[in-house]
Amino acid sequence: MVKILAPHAGEMVYDPACGTGGMLLETLHYVKEHGGDENLMLGKLFGQEKNLTTSAIARMNLFLHGAEDFHIERGDTLRNPAFYSGDSLARFDCVIANPPFSLKKWGEDIWESDPYGRNFAGLPPAKTGDYAWVQHMIKSMADKTGRMAVVLPHGVLFRMAQEGKIRTKILEMDILDAVIGLGPNLFYGTGLSACILVFRETKPKAHRNKVIFIDASKEYKTGRAQNELQPEHVDRMHKWYGNYKDVEGICRIVTIDEIRENEFNLNIARYVEPSVEEESISVEDAVANLKQSLESAYTAEDHLKKLLKKAGMMA
């Protein structure tokens with residue numbers, strides 16, 4: 001996910017559900033692996049985590065991996081965001097998160113009159129906070145340079161009622177750039193398949209009024225307790241996203257008009273049909289197979305006649 005967003009040294013990176021800081025660490029590693037100096041990330045990493053112990057582990061992880069100046073705050077992001085500028089949320093170049101799936105009692109009572117305007121597309125259901133995270137992250141993207149990627153359950157792609165209305169408004173804004181379907185059992189605590197939604201505050205011209213759908217559900221290594229994404233799997237997903245072109249059975253660029261015709265349903269199977277491998281055979285082989293089948297049929301017929309005659313059922 002970090003690779004897909006391609007963060008650069010000096011950019012501000014924000015994880016509103018940072019957990020133990022894994023994604024922020026990956027940002028540091030990515031910058032270093034691509035020739036950047038990790039020191040240029042000083043003061044550029046921001047995260048918030050509700051759990052006291054987990055937020056402390058995030059700080060420790062970043063410190064032990066060489067980060068000296070970062071901002072990890074403890075608190076409930078959806079109820080009390082820690083980073084703001086005046087009356088508005090702080091804005092970041094890269095916003096990344098793997099928030100808790102379908103969080104219940106996430107703070108809908110406060111969001112009915114949210115002071116930061118995070119209910120701009122609608123109020124998510126009380127029992128499912130997925131689109132609360134999405135709207136918070138969208139409001140946290142910087143103007144022009146802002147981009148975000150969020151890991152969510154597949155239900156956000158097609159659930160209707162309140163979430164369907166929110167999804168419609170967000171799609172009409174033309175900031176959704178990609179929908180990437182992942183394989184099962186990749187995340188701790190759930191065996192469900194997840195998806196990655198990629199957003200851009202300003203899409204490249206060739207991407208406008210379009211969304212690329214990528215079926216990466218077969219990209220994983222099977223494990224005993226949990227499956228795993230290997231570097232080669234991530235590289236392939238990054239390549240498909242970066243190339244931005246149709247690949248049979250894997251990815252397809254879809255216009256907003258087509259999505260609108262599908263009532264803003266983002267179910268990947270509606271747009272990417274799995275390729276069916278058909279066995280090809282030469283004419284010579286086909287004729288040979290036919291002759292063999294005929295011979296087998298004649299042999300079976302002769303054997304049946306013998307059995308019928310022996311039983312006195314045939315003269």
# chains A, B, ... in the order shown; residues from 1 in each chain; ligands from 1
$ residues_around --residues "Cys195 in chain A" --least-positions-apart "2" --cutoff "6 Å" --atoms "only C-alpha atoms" --output "ChimeraX atom specification"
/A:151-152,154,180-182
$ select_by_dssp --residues "range 67-254 of chain A" --states "strand (DSSP E)" --output "number ranges by chain"
A: 71-74, 84-85, 88-89, 94-97, 147-153, 176-181, 194-200, 210-215, 251-254
$ write_last_selection --atoms "N, CA and C atoms" --output "CSV table (one decimal), in the first residue's frame"
chain,number,residue,atom,x,y,z
A,71,HIS,N,5.4,12.0,15.4
A,71,HIS,CA,4.3,12.5,16.2
A,71,HIS,C,3.2,11.4,16.3
A,72,ILE,N,3.2,10.6,17.4
A,72,ILE,CA,2.3,9.6,17.6
A,72,ILE,C,1.4,10.0,18.8
A,73,GLU,N,0.1,10.2,18.6
A,73,GLU,CA,-0.7,10.7,19.7
A,73,GLU,C,-1.7,9.6,20.1
A,74,ARG,N,-2.0,9.5,21.4
A,74,ARG,CA,-3.0,8.6,21.8
A,74,ARG,C,-4.4,9.3,21.8
A,84,TYR,N,-4.9,19.1,13.9
A,84,TYR,CA,-5.8,20.0,13.3
A,84,TYR,C,-5.1,21.3,13.1
A,85,SER,N,-5.7,22.2,12.2
A,85,SER,CA,-5.1,23.5,12.0
A,85,SER,C,-6.3,24.5,12.0
A,88,SER,N,-10.0,23.4,11.2
A,88,SER,CA,-10.0,22.3,10.3
A,88,SER,C,-9.0,21.3,10.6
A,89,LEU,N,-9.3,20.1,10.1
A,89,LEU,CA,-8.3,19.0,10.3
A,89,LEU,C,-7.0,19.4,9.6
A,94,CYS,N,0.3,12.1,2.2
A,94,CYS,CA,-0.1,10.7,2.2
A,94,CYS,C,-0.9,10.3,3.4
A,95,VAL,N,-2.0,9.7,3.2
A,95,VAL,CA,-2.8,9.3,4.3
A,95,VAL,C,-3.0,7.8,4.1
A,96,ILE,N,-2.6,7.0,5.1
A,96,ILE,CA,-2.7,5.5,5.0
A,96,ILE,C,-3.2,4.9,6.2
A,97,ALA,N,-4.0,3.8,6.1
A,97,ALA,CA,-4.6,3.2,7.3
A,97,ALA,C,-5.1,1.8,7.0
A,147,ARG,N,-3.1,12.2,-1.3
A,147,ARG,CA,-3.5,10.9,-1.8
A,147,ARG,C,-3.6,10.0,-0.6
A,148,MET,N,-4.4,8.9,-0.7
A,148,MET,CA,-4.7,8.1,0.4
A,148,MET,C,-5.0,6.6,-0.1
A,149,ALA,N,-4.7,5.7,0.8
A,149,ALA,CA,-5.0,4.3,0.6
A,149,ALA,C,-5.5,3.7,1.9
A,150,VAL,N,-6.6,3.0,1.9
A,150,VAL,CA,-7.2,2.4,3.1
A,150,VAL,C,-7.6,1.0,2.8
A,151,VAL,N,-7.3,0.1,3.8
A,151,VAL,CA,-7.7,-1.3,3.8
A,151,VAL,C,-9.0,-1.4,4.4
A,152,LEU,N,-10.0,-2.1,3.7
A,152,LEU,CA,-11.4,-2.2,4.3
A,152,LEU,C,-12.0,-3.5,3.9
A,153,PRO,N,-13.0,-3.9,4.5
A,153,PRO,CA,-13.7,-5.2,4.1
A,153,PRO,C,-14.4,-5.0,2.8
A,176,LEU,N,-11.8,8.8,-6.3
A,176,LEU,CA,-11.5,7.4,-6.2
A,176,LEU,C,-10.7,7.0,-7.4
A,177,ASP,N,-9.5,6.5,-7.2
A,177,ASP,CA,-8.6,6.1,-8.3
A,177,ASP,C,-8.5,4.6,-8.6
A,178,ALA,N,-8.6,3.8,-7.5
A,178,ALA,CA,-8.4,2.4,-7.7
A,178,ALA,C,-9.1,1.6,-6.6
A,179,VAL,N,-9.6,0.4,-7.1
A,179,VAL,CA,-10.2,-0.6,-6.1
A,179,VAL,C,-9.4,-1.9,-6.3
A,180,ILE,N,-8.7,-2.3,-5.3
A,180,ILE,CA,-7.9,-3.5,-5.4
A,180,ILE,C,-8.4,-4.6,-4.5
A,181,GLY,N,-8.8,-5.7,-5.0
A,181,GLY,CA,-9.3,-6.8,-4.2
A,181,GLY,C,-8.1,-7.7,-3.8
A,194,ALA,N,-10.1,-8.7,2.0
A,194,ALA,CA,-10.1,-7.2,2.2
A,194,ALA,C,-9.9,-6.6,0.8
A,195,CYS,N,-10.0,-5.3,0.8
A,195,CYS,CA,-9.8,-4.5,-0.4
A,195,CYS,C,-9.0,-3.3,-0.1
A,196,ILE,N,-8.3,-2.7,-1.0
A,196,ILE,CA,-7.6,-1.4,-0.8
A,196,ILE,C,-8.3,-0.4,-1.7
A,197,LEU,N,-8.7,0.7,-1.2
A,197,LEU,CA,-9.3,1.8,-1.9
A,197,LEU,C,-8.2,2.9,-2.0
A,198,VAL,N,-7.9,3.4,-3.2
A,198,VAL,CA,-6.9,4.4,-3.4
A,198,VAL,C,-7.6,5.7,-3.9
A,199,PHE,N,-7.3,6.8,-3.2
A,199,PHE,CA,-7.9,8.0,-3.6
A,199,PHE,C,-6.8,9.1,-3.9
A,200,ARG,N,-7.1,10.0,-4.8
A,200,ARG,CA,-6.2,11.1,-5.1
A,200,ARG,C,-7.1,12.4,-5.1
A,210,LYS,N,-12.6,8.0,-14.2
A,210,LYS,CA,-12.4,6.5,-14.4
A,210,LYS,C,-11.9,5.9,-13.0
A,211,VAL,N,-12.1,4.6,-12.9
A,211,VAL,CA,-11.6,3.9,-11.7
A,211,VAL,C,-11.0,2.6,-12.3
A,212,ILE,N,-9.8,2.2,-11.8
A,212,ILE,CA,-9.2,1.0,-12.2
A,212,ILE,C,-9.5,-0.1,-11.1
A,213,PHE,N,-10.1,-1.2,-11.6
A,213,PHE,CA,-10.4,-2.3,-10.7
A,213,PHE,C,-9.3,-3.4,-10.9
A,214,ILE,N,-8.8,-3.9,-9.8
A,214,ILE,CA,-7.7,-4.9,-9.9
A,214,ILE,C,-8.1,-6.1,-9.0
A,215,ASP,N,-8.2,-7.2,-9.6
A,215,ASP,CA,-8.5,-8.4,-8.8
A,215,ASP,C,-7.1,-9.1,-8.5
A,251,CYS,N,-7.3,-6.8,-14.3
A,251,CYS,CA,-7.7,-5.5,-14.1
A,251,CYS,C,-8.4,-4.8,-15.3
A,252,ARG,N,-9.2,-3.8,-15.0
A,252,ARG,CA,-9.9,-3.2,-16.0
A,252,ARG,C,-10.2,-1.7,-15.6
A,253,ILE,N,-10.1,-0.8,-16.6
A,253,ILE,CA,-10.4,0.6,-16.3
A,253,ILE,C,-11.8,0.8,-16.7
A,254,VAL,N,-12.6,1.4,-15.7
A,254,VAL,CA,-14.0,1.5,-15.8
A,254,VAL,C,-14.4,3.0,-15.7
$ closest_residue --among "A:Thr53, A:Lys218, A:Asp246, A:Lys104" --to "His233 in chain A" --atoms "only C-alpha atoms"
A:Lys218
$ residues_around --residues "range 57-69 of chain A" --least-positions-apart "3" --cutoff "9 Å" --atoms "only C-alpha atoms" --output "PyMOL selection string"
chain A and resi 18-22+24-25+28+38-39+41-45+47+49+52-54+72
$ write_last_selection --atoms "N, CA and C atoms" --output "mmCIF file, in the first residue's frame"
data_model
loop_
_atom_site.group_PDB
_atom_site.id
_atom_site.type_symbol
_atom_site.label_atom_id
_atom_site.label_comp_id
_atom_site.auth_asym_id
_atom_site.auth_seq_id
_atom_site.Cartn_x
_atom_site.Cartn_y
_atom_site.Cartn_z
ATOM 1 N N CYS A 18 -2.910 4.016 13.571
ATOM 2 C CA CYS A 18 -1.540 3.554 13.323
ATOM 3 C C CYS A 18 -1.192 2.240 13.991
ATOM 4 N N GLY A 19 -1.985 1.767 14.965
ATOM 5 C CA GLY A 19 -1.641 0.511 15.612
ATOM 6 C C GLY A 19 -0.238 0.564 16.185
ATOM 7 N N THR A 20 0.581 -0.416 15.818
ATOM 8 C CA THR A 20 1.956 -0.457 16.323
ATOM 9 C C THR A 20 2.931 0.287 15.411
ATOM 10 N N GLY A 21 2.406 1.033 14.446
ATOM 11 C CA GLY A 21 3.257 1.868 13.594
ATOM 12 C C GLY A 21 3.814 1.188 12.371
ATOM 13 N N GLY A 22 3.264 0.026 12.006
ATOM 14 C CA GLY A 22 3.807 -0.742 10.891
ATOM 15 C C GLY A 22 3.844 -0.001 9.575
ATOM 16 N N LEU A 24 3.823 3.266 9.048
ATOM 17 C CA LEU A 24 4.763 4.389 9.104
ATOM 18 C C LEU A 24 6.197 3.884 8.968
ATOM 19 N N LEU A 25 6.475 2.716 9.555
ATOM 20 C CA LEU A 25 7.797 2.117 9.385
ATOM 21 C C LEU A 25 8.051 1.760 7.922
ATOM 22 N N LEU A 28 9.219 4.742 6.033
ATOM 23 C CA LEU A 28 10.648 4.985 6.212
ATOM 24 C C LEU A 28 11.480 4.062 5.341
ATOM 25 N N GLU A 38 16.434 8.824 5.196
ATOM 26 C CA GLU A 38 15.399 8.746 6.225
ATOM 27 C C GLU A 38 15.359 10.012 7.078
ATOM 28 N N ASN A 39 16.494 10.693 7.185
ATOM 29 C CA ASN A 39 16.526 11.921 7.987
ATOM 30 C C ASN A 39 15.630 13.008 7.404
ATOM 31 N N MET A 41 12.743 12.563 6.600
ATOM 32 C CA MET A 41 11.398 12.318 7.109
ATOM 33 C C MET A 41 11.220 12.874 8.515
ATOM 34 N N LEU A 42 12.230 13.570 9.032
ATOM 35 C CA LEU A 42 12.129 14.116 10.380
ATOM 36 C C LEU A 42 10.915 15.026 10.501
ATOM 37 N N GLY A 43 10.088 14.761 11.499
ATOM 38 C CA GLY A 43 8.923 15.608 11.738
ATOM 39 C C GLY A 43 7.811 15.446 10.741
ATOM 40 N N LYS A 44 7.903 14.416 9.866
ATOM 41 C CA LYS A 44 6.921 14.260 8.790
ATOM 42 C C LYS A 44 5.988 13.076 8.993
ATOM 43 N N LEU A 45 6.204 12.300 10.060
ATOM 44 C CA LEU A 45 5.381 11.122 10.307
ATOM 45 C C LEU A 45 4.396 11.399 11.437
ATOM 46 N N GLY A 47 0.747 9.917 13.486
ATOM 47 C CA GLY A 47 -0.155 8.798 13.693
ATOM 48 C C GLY A 47 -0.968 8.987 14.958
ATOM 49 N N GLU A 49 -3.525 6.585 17.732
ATOM 50 C CA GLU A 49 -3.947 5.252 18.132
ATOM 51 C C GLU A 49 -4.707 5.357 19.446
ATOM 52 N N LEU A 52 -3.714 2.707 24.613
ATOM 53 C CA LEU A 52 -2.524 3.256 25.255
ATOM 54 C C LEU A 52 -1.293 2.398 25.016
ATOM 55 N N THR A 53 -1.417 1.091 25.246
ATOM 56 C CA THR A 53 -0.273 0.191 25.077
ATOM 57 C C THR A 53 0.191 0.157 23.632
ATOM 58 N N THR A 54 -0.771 0.077 22.712
ATOM 59 C CA THR A 54 -0.424 -0.007 21.295
ATOM 60 C C THR A 54 0.254 1.268 20.816
ATOM 61 N N ILE A 72 3.247 10.633 17.363
ATOM 62 C CA ILE A 72 2.257 9.598 17.617
ATOM 63 C C ILE A 72 1.438 10.031 18.826
#
$ select_by_dssp --residues "range 156-221 of chain A" --states "alpha helix (DSSP H)" --output "list in words"
Ala161, Gln162, Glu163, Gly164, Lys165, Ile166, Arg167, Thr168, Lys169, Ile170, Leu171 and Glu172 of chain A
$ write_last_selection --atoms "C-alpha atoms" --output "compact mmCIF listing (two decimals), in the first residue's frame"
# COMPACT_ATOMS: atom_id res chain seq x y z
CA ALA A 161 -28.79 2.01 2.34
CA GLN A 162 -26.74 4.72 4.10
CA GLU A 163 -23.40 3.44 2.85
CA GLY A 164 -24.68 3.30 -0.73
CA LYS A 165 -25.57 6.99 -0.57
CA ILE A 166 -22.17 7.88 0.88
CA ARG A 167 -20.39 5.82 -1.78
CA THR A 168 -22.38 7.55 -4.51
CA LYS A 169 -21.43 11.04 -3.32
CA ILE A 170 -17.76 10.13 -3.01
CA LEU A 171 -17.69 8.60 -6.48
CA GLU A 172 -19.32 11.70 -7.96
$ closest_residue --among "A:Ala288, A:Ala56, A:Leu266, A:Ala297" --to "Gly155 in chain A" --atoms "only C-alpha atoms"
A:Leu266
